[in-house]
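Participant: One structure, as structure tokens, below. Some questions next.
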Amino acid sequence: MSDKANDIANLLAPTVQALGVELLGIEYLPAPGGATVRLYIDVQEAERATRHVNIEDCEAVSREVSAQLDVEDPITGNYTLEVSSPGVDRPLFQLAHYARFVGESAKVVLKLPQDRRRRLQGTISRIEGENIVFTVDDAEMTVAFDNIDKGRLVPDWAALGLAPEKPGGGRKAGAKKPADAKRAPAGKTKKKPNQPAARKPRAE
């Protein structure tokens, strides 16, 4: 995460924790018309085997976080707040997240080029100290966690029943489109300080 995203995450994490869910990380995306602040939440570790984040969790976090941001005001200018479940292509914010998904495929963007590449996709093979070892094109590549700008899991669409039956063909009957399974956001747009306009949460 960026320094700004880290600062906002540190500010909001206790609030999210108090609501019974975990703040995985934050994306802070500045833009000329206003920034996007996207929170990714998950159920706490003890509950992961029995339930998933739902729209009610996202709405509750959105309400409490919106109020806290209005009071603390850590973001200059307009912004849009989004609260989302991690989805099947879940983002990886911490070294512990990579350790949890050893054996699965991920794609990452590097801060500084390594082996003349800024992007890579491969299997998370193992964790060595503060480094992550990926298997990329049948060769191992060791990447320092501090050199990763952003990372996400690459879903196995076939295993999820979302892969096309053949190249250029349609999906299997009854399968959801990837966007349907991806996230359940809740959001609001802050037009100017202390005058927020709520945006109705919707499930994608």
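By order of appearance in the structure tokens: chains A, B, ..., then residues from 1 within every chain, and ligands from 1 in the order shown.
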Write out as a PyMOL selection string which residues come within 7 Å of region 91-103 of chain A when counting only C-alpha atoms, dropping same-chain ones fewer than 5 positions away.
Facilitator: chain A and resi 1+24-25+86+123-127+145+151-153
Participant: When DSSP works through the backbone of this structure, what residues of region 54-145 of chain A end up as alpha helix (DSSP H), shown as a list in words?
Facilitator: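 Of region 54-145 of chain A, the ones in alpha helix (DSSP H) are Ile55, Glu56, Asp57, Cys58, Glu59, Ala60, Val61, Ser62, Arg63, Glu64, Val65, Ser66, Ala67, Gln68, Leu69, Asp70, Val71, Glu72, Leu95, Ala96, His97, Tyr98, Ala99 and Arg100 of chain A.
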Participant: Residues at most 12 Å from Leu19 (chain A), counting only C-alpha atoms, excluding those fewer than 3 positions away in the same chain, as a PyMOL selection string?
Facilitator: chain A and resi 12-16+22-23+41-44+53+56-65
Participant: Take CA of Leu110 (chain A) and CA of Pro32 (chain A) and report the distance between them in Å, one decimal.
Facilitator: 24.5 Å
